[in-house]
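The structure under discussion appears below in the form of structure tokens.
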Amino acid sequence: MRHALLLTTLFFISTNLIAVPNCTLETTSGTTCQIDVKDLHPAQSAVGMRQVADKIAKFSKMNEKKLQKYLKKHPVPLVISPDGQFYMTDKHHMSSAFIRLERDEHLVYAEVKKNWTAFDMKVFWQKMKAEKYVWLFDENGAAFDDPTRLPSKVLELKDDPYRSLAWAVREEGGFEDLNLPFAELLWANYFRPLVKVGESDREFEKAVKKAIPLAHDEAARDLPGYISEEK
């Protein structure tokens with residue numbers, strides 16, 4: 001009995017001492033690894049800086065243990081490209097907030113969804129588009145075809161106020177959070193021609209109030225997380 005208990009204890013200790021490996025070009029699909037945020041390549045052009053600021057405030061209140069627990073629970077999904085880039089297909093806001101914290105290192109947990117280093121870049125981008133792993137719209141909602149226009153670093157992501165609007169509307173229950181990549185960017189483009197977002201907090205709050213009923217409109221029915229007025 002004691003022998004079995006000792007083995008169980010040693011197994012638990014050794015398992016918890018095993019470090020999560022660093023992400024490399026050889027990391028296989030389905031593997032969890034760690035990577036510095038500065039080495040992540042965005043798969044979209046912009047984020048909502050109001051949401052980033054909100055996450056910075058929340059992270060700043062966490063101690064290191066809670067912060068690491070959060071990061072481990074929310075790994076960054078990665079696709080590794082033939083030219084050696086680690087494209088993040090989600091968690092752009094989390095990463096944008098985390099890299100702005102004052103700390104010695106900015107390691108996050110990541111899950112490699114696809115290792116596509118064996119393909120050439122043309123096939124890589126075809127597959128990225130087919131799998132909806134990339135969002136080829138700029139911060140103003142204008143579409144573009146050339147993926148080289150994407151920012152190369154997380155800190156180069158621009159601000160899209162309508163992405164912040166979509167986040168705020170979702171927080172108010174305007175639509176459901178289905179945890180789908182780029183879902184709020186689809187909502188941002190829906191709100192863009194319908195609501196004016198000013199720069200001040202007061203103008204933003206007014207925009208949110210105006211956008212909430214629009215989120216329940218029949219015109220938004222095909223958007224992810226849509227909730228009808230009847231609900």
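Every chain in the structure tokens takes a letter, A first, then B, and so on in the order presented; its residues are numbered from 1, and the ligands are numbered from 1 following the presented order.
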
Counting only C-alpha atoms, give me one row per residue of segment 70-112 of chain A with an atom at most 9 Å from an atom of segment 177-199 of chain A, showing the shortest contact pair and its distance in Å to one decimal, sorted by chain then residue number, as JSON lines.
{"residue": "A:Thr89", "atom": "CA", "partner": "A:Pro181", "partner_atom": "CA", "distance": 6.8}
{"residue": "A:Asp90", "atom": "CA", "partner": "A:Pro181", "partner_atom": "CA", "distance": 5.5}
{"residue": "A:Lys91", "atom": "CA", "partner": "A:Pro181", "partner_atom": "CA", "distance": 8.4}

Spatial neighbours of segment 122-136 of chain A, max dist 9 Å, only C-alpha atoms, sep filter under 2 positions, as a ChimeraX atom specification: /A:42-45,79,81-82,87-90,116-117,119-120,138,142-147,149-150,181-182,185

Residue contacts of Gln51 of chain A (12 Å, only C-alpha atoms) excluding same-chain residues fewer than 4 positions away, as JSON, numbers by chain: {"A": [46, 47, 55, 56, 57, 58, 91, 92, 93, 94, 95, 96, 97, 159, 160, 161, 162, 163, 164, 165, 166, 167, 168, 169, 170, 171, 184]}

Neighbour list for Leu78 of chain A as a ChimeraX atom specification, cut-off 8 Å, only C-alpha atoms, skip fewer than 2 positions in-chain: /A:76,80,86-89,110-114

Write the residues of the selection above to a file with all heavy atoms, as a PDB file, in the first residue's frame.
ATOM      1  N   VAL A  76      -3.071  29.821 -27.181  1.00  0.00           N
ATOM      2  CA  VAL A  76      -3.165  30.486 -28.484  1.00  0.00           C
ATOM      3  C   VAL A  76      -3.129  29.425 -29.589  1.00  0.00           C
ATOM      4  O   VAL A  76      -2.184  28.642 -29.655  1.00  0.00           O
ATOM      5  CB  VAL A  76      -1.989  31.471 -28.683  1.00  0.00           C
ATOM      6  CG1 VAL A  76      -2.059  32.112 -30.066  1.00  0.00           C
ATOM      7  CG2 VAL A  76      -1.991  32.533 -27.585  1.00  0.00           C
ATOM      8  N   ILE A  80       1.674  26.727 -38.240  1.00  0.00           N
ATOM      9  CA  ILE A  80       3.077  26.976 -38.593  1.00  0.00           C
ATOM     10  C   ILE A  80       3.219  26.994 -40.106  1.00  0.00           C
ATOM     11  O   ILE A  80       2.793  26.068 -40.801  1.00  0.00           O
ATOM     12  CB  ILE A  80       4.005  25.911 -37.983  1.00  0.00           C
ATOM     13  CG1 ILE A  80       3.748  25.773 -36.476  1.00  0.00           C
ATOM     14  CG2 ILE A  80       5.467  26.286 -38.219  1.00  0.00           C
ATOM     15  CD1 ILE A  80       4.555  24.687 -35.808  1.00  0.00           C
ATOM     16  N   PHE A  86       4.799  31.627 -36.978  1.00  0.00           N
ATOM     17  CA  PHE A  86       3.786  31.028 -36.115  1.00  0.00           C
ATOM     18  C   PHE A  86       2.539  31.917 -36.160  1.00  0.00           C
ATOM     19  O   PHE A  86       2.455  32.916 -35.446  1.00  0.00           O
ATOM     20  CB  PHE A  86       4.312  30.904 -34.683  1.00  0.00           C
ATOM     21  CG  PHE A  86       5.488  29.979 -34.551  1.00  0.00           C
ATOM     22  CD1 PHE A  86       6.787  30.469 -34.660  1.00  0.00           C
ATOM     23  CD2 PHE A  86       5.303  28.619 -34.332  1.00  0.00           C
ATOM     24  CE1 PHE A  86       7.881  29.625 -34.539  1.00  0.00           C
ATOM     25  CE2 PHE A  86       6.384  27.763 -34.205  1.00  0.00           C
ATOM     26  CZ  PHE A  86       7.681  28.256 -34.325  1.00  0.00           C
ATOM     27  N   TYR A  87       1.604  31.565 -37.028  1.00  0.00           N
ATOM     28  CA  TYR A  87       0.392  32.368 -37.191  1.00  0.00           C
ATOM     29  C   TYR A  87      -0.628  32.022 -36.116  1.00  0.00           C
ATOM     30  O   TYR A  87      -1.009  30.865 -35.952  1.00  0.00           O
ATOM     31  CB  TYR A  87      -0.210  32.153 -38.581  1.00  0.00           C
ATOM     32  CG  TYR A  87       0.498  32.925 -39.665  1.00  0.00           C
ATOM     33  CD1 TYR A  87       1.593  32.383 -40.334  1.00  0.00           C
ATOM     34  CD2 TYR A  87       0.098  34.211 -39.998  1.00  0.00           C
ATOM     35  CE1 TYR A  87       2.256  33.094 -41.323  1.00  0.00           C
ATOM     36  CE2 TYR A  87       0.761  34.942 -40.986  1.00  0.00           C
ATOM     37  CZ  TYR A  87       1.835  34.374 -41.640  1.00  0.00           C
ATOM     38  OH  TYR A  87       2.497  35.082 -42.614  1.00  0.00           O
ATOM     39  N   MET A  88      -1.077  33.033 -35.407  1.00  0.00           N
ATOM     40  CA  MET A  88      -2.103  32.849 -34.390  1.00  0.00           C
ATOM     41  C   MET A  88      -3.468  33.062 -35.036  1.00  0.00           C
ATOM     42  O   MET A  88      -3.707  34.073 -35.688  1.00  0.00           O
ATOM     43  CB  MET A  88      -1.891  33.826 -33.235  1.00  0.00           C
ATOM     44  CG  MET A  88      -1.802  35.276 -33.663  1.00  0.00           C
ATOM     45  SD  MET A  88      -1.249  36.387 -32.336  1.00  0.00           S
ATOM     46  CE  MET A  88      -2.433  36.069 -31.060  1.00  0.00           C
ATOM     47  N   THR A  89      -4.354  32.094 -34.876  1.00  0.00           N
ATOM     48  CA  THR A  89      -5.668  32.201 -35.511  1.00  0.00           C
ATOM     49  C   THR A  89      -6.726  32.729 -34.547  1.00  0.00           C
ATOM     50  O   THR A  89      -7.883  32.901 -34.936  1.00  0.00           O
ATOM     51  CB  THR A  89      -6.119  30.834 -36.062  1.00  0.00           C
ATOM     52  OG1 THR A  89      -6.254  29.905 -34.983  1.00  0.00           O
ATOM     53  CG2 THR A  89      -5.098  30.298 -37.055  1.00  0.00           C
ATOM     54  N   ALA A 110       0.429  27.645 -26.131  1.00  0.00           N
ATOM     55  CA  ALA A 110      -0.108  27.592 -27.491  1.00  0.00           C
ATOM     56  C   ALA A 110      -0.445  26.157 -27.856  1.00  0.00           C
ATOM     57  O   ALA A 110       0.136  25.212 -27.314  1.00  0.00           O
ATOM     58  CB  ALA A 110       0.902  28.161 -28.485  1.00  0.00           C
ATOM     59  N   GLU A 111      -1.384  26.014 -28.750  1.00  0.00           N
ATOM     60  CA  GLU A 111      -1.726  24.698 -29.285  1.00  0.00           C
ATOM     61  C   GLU A 111      -1.566  24.748 -30.800  1.00  0.00           C
ATOM     62  O   GLU A 111      -2.199  25.574 -31.465  1.00  0.00           O
ATOM     63  CB  GLU A 111      -3.157  24.317 -28.931  1.00  0.00           C
ATOM     64  CG  GLU A 111      -3.534  22.931 -29.460  1.00  0.00           C
ATOM     65  CD  GLU A 111      -4.980  22.562 -29.183  1.00  0.00           C
ATOM     66  OE1 GLU A 111      -5.671  23.331 -28.500  1.00  0.00           O
ATOM     67  OE2 GLU A 111      -5.402  21.503 -29.677  1.00  0.00           O
ATOM     68  N   VAL A 112      -0.719  23.897 -31.316  1.00  0.00           N
ATOM     69  CA  VAL A 112      -0.491  23.868 -32.764  1.00  0.00           C
ATOM     70  C   VAL A 112      -1.664  23.149 -33.432  1.00  0.00           C
ATOM     71  O   VAL A 112      -1.859  21.955 -33.246  1.00  0.00           O
ATOM     72  CB  VAL A 112       0.842  23.167 -33.112  1.00  0.00           C
ATOM     73  CG1 VAL A 112       1.002  23.057 -34.622  1.00  0.00           C
ATOM     74  CG2 VAL A 112       2.006  23.932 -32.497  1.00  0.00           C
ATOM     75  N   LYS A 113      -2.440  23.912 -34.179  1.00  0.00           N
ATOM     76  CA  LYS A 113      -3.578  23.335 -34.903  1.00  0.00           C
ATOM     77  C   LYS A 113      -3.112  22.620 -36.160  1.00  0.00           C
ATOM     78  O   LYS A 113      -3.576  21.526 -36.488  1.00  0.00           O
ATOM     79  CB  LYS A 113      -4.571  24.444 -35.272  1.00  0.00           C
ATOM     80  CG  LYS A 113      -5.255  25.088 -34.087  1.00  0.00           C
ATOM     81  CD  LYS A 113      -6.131  24.089 -33.358  1.00  0.00           C
ATOM     82  CE  LYS A 113      -6.912  24.743 -32.225  1.00  0.00           C
ATOM     83  NZ  LYS A 113      -7.747  23.759 -31.500  1.00  0.00           N
ATOM     84  N   LYS A 114      -2.183  23.254 -36.875  1.00  0.00           N
ATOM     85  CA  LYS A 114      -1.670  22.675 -38.111  1.00  0.00           C
ATOM     86  C   LYS A 114      -0.196  23.009 -38.255  1.00  0.00           C
ATOM     87  O   LYS A 114       0.222  24.135 -37.985  1.00  0.00           O
ATOM     88  CB  LYS A 114      -2.412  23.216 -39.343  1.00  0.00           C
ATOM     89  CG  LYS A 114      -3.925  23.036 -39.333  1.00  0.00           C
ATOM     90  CD  LYS A 114      -4.328  21.582 -39.551  1.00  0.00           C
ATOM     91  CE  LYS A 114      -5.849  21.452 -39.573  1.00  0.00           C
ATOM     92  NZ  LYS A 114      -6.276  20.036 -39.766  1.00  0.00           N
TER      93      LYS A 114
END

Members of segment 11-76 of chain A assigned strand (DSSP E or B) by DSSP, as an MDAnalysis selection string: chainID A and resid 22 32:36 40:42 46:47 76

File of the preceding selection, C-alpha atoms, as an mmCIF file, in the first residue's frame:
data_model
loop_
_atom_site.group_PDB
_atom_site.id
_atom_site.type_symbol
_atom_site.label_atom_id
_atom_site.label_comp_id
_atom_site.auth_asym_id
_atom_site.auth_seq_id
_atom_site.Cartn_x
_atom_site.Cartn_y
_atom_site.Cartn_z
ATOM 1 C CA ASN A 22 8.936 25.581 -26.682
ATOM 2 C CA THR A 32 0.786 22.156 -26.560
ATOM 3 C CA CYS A 33 3.900 24.306 -26.364
ATOM 4 C CA GLN A 34 5.075 27.700 -25.151
ATOM 5 C CA ILE A 35 6.030 30.700 -27.229
ATOM 6 C CA ASP A 36 6.905 34.331 -26.635
ATOM 7 C CA LEU A 40 3.545 35.370 -32.865
ATOM 8 C CA HIS A 41 2.347 36.461 -36.300
ATOM 9 C CA PRO A 42 -1.209 37.879 -36.362
ATOM 10 C CA ALA A 46 -6.669 44.964 -36.053
ATOM 11 C CA VAL A 47 -8.046 44.573 -32.550
ATOM 12 C CA VAL A 76 -3.165 30.486 -28.484
#

Counting only C-alpha atoms, the option among A:Lys209, A:Lys73, A:Lys38, A:Lys66 closest to His106 of chain A: A:Lys38

Among the residues A:Phe175, A:Asn115, A:His74, A:Phe204, the one that comes closest to Asp222 of chain A [using only C-alpha atoms]: A:Phe175

In segment 163-223 of chain A, DSSP helix (DSSP H, G or I) residues written as a ChimeraX atom specification: /A:163-171,183-191,201-215,218-220

Option closest in space to Gly173 of chain A, from A:Val154, A:Leu25, A:Ala220, A:Ile212 [counting only C-alpha atoms]: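 Among the listed residues, A:Ile212 lies closest to Gly173 of chain A.
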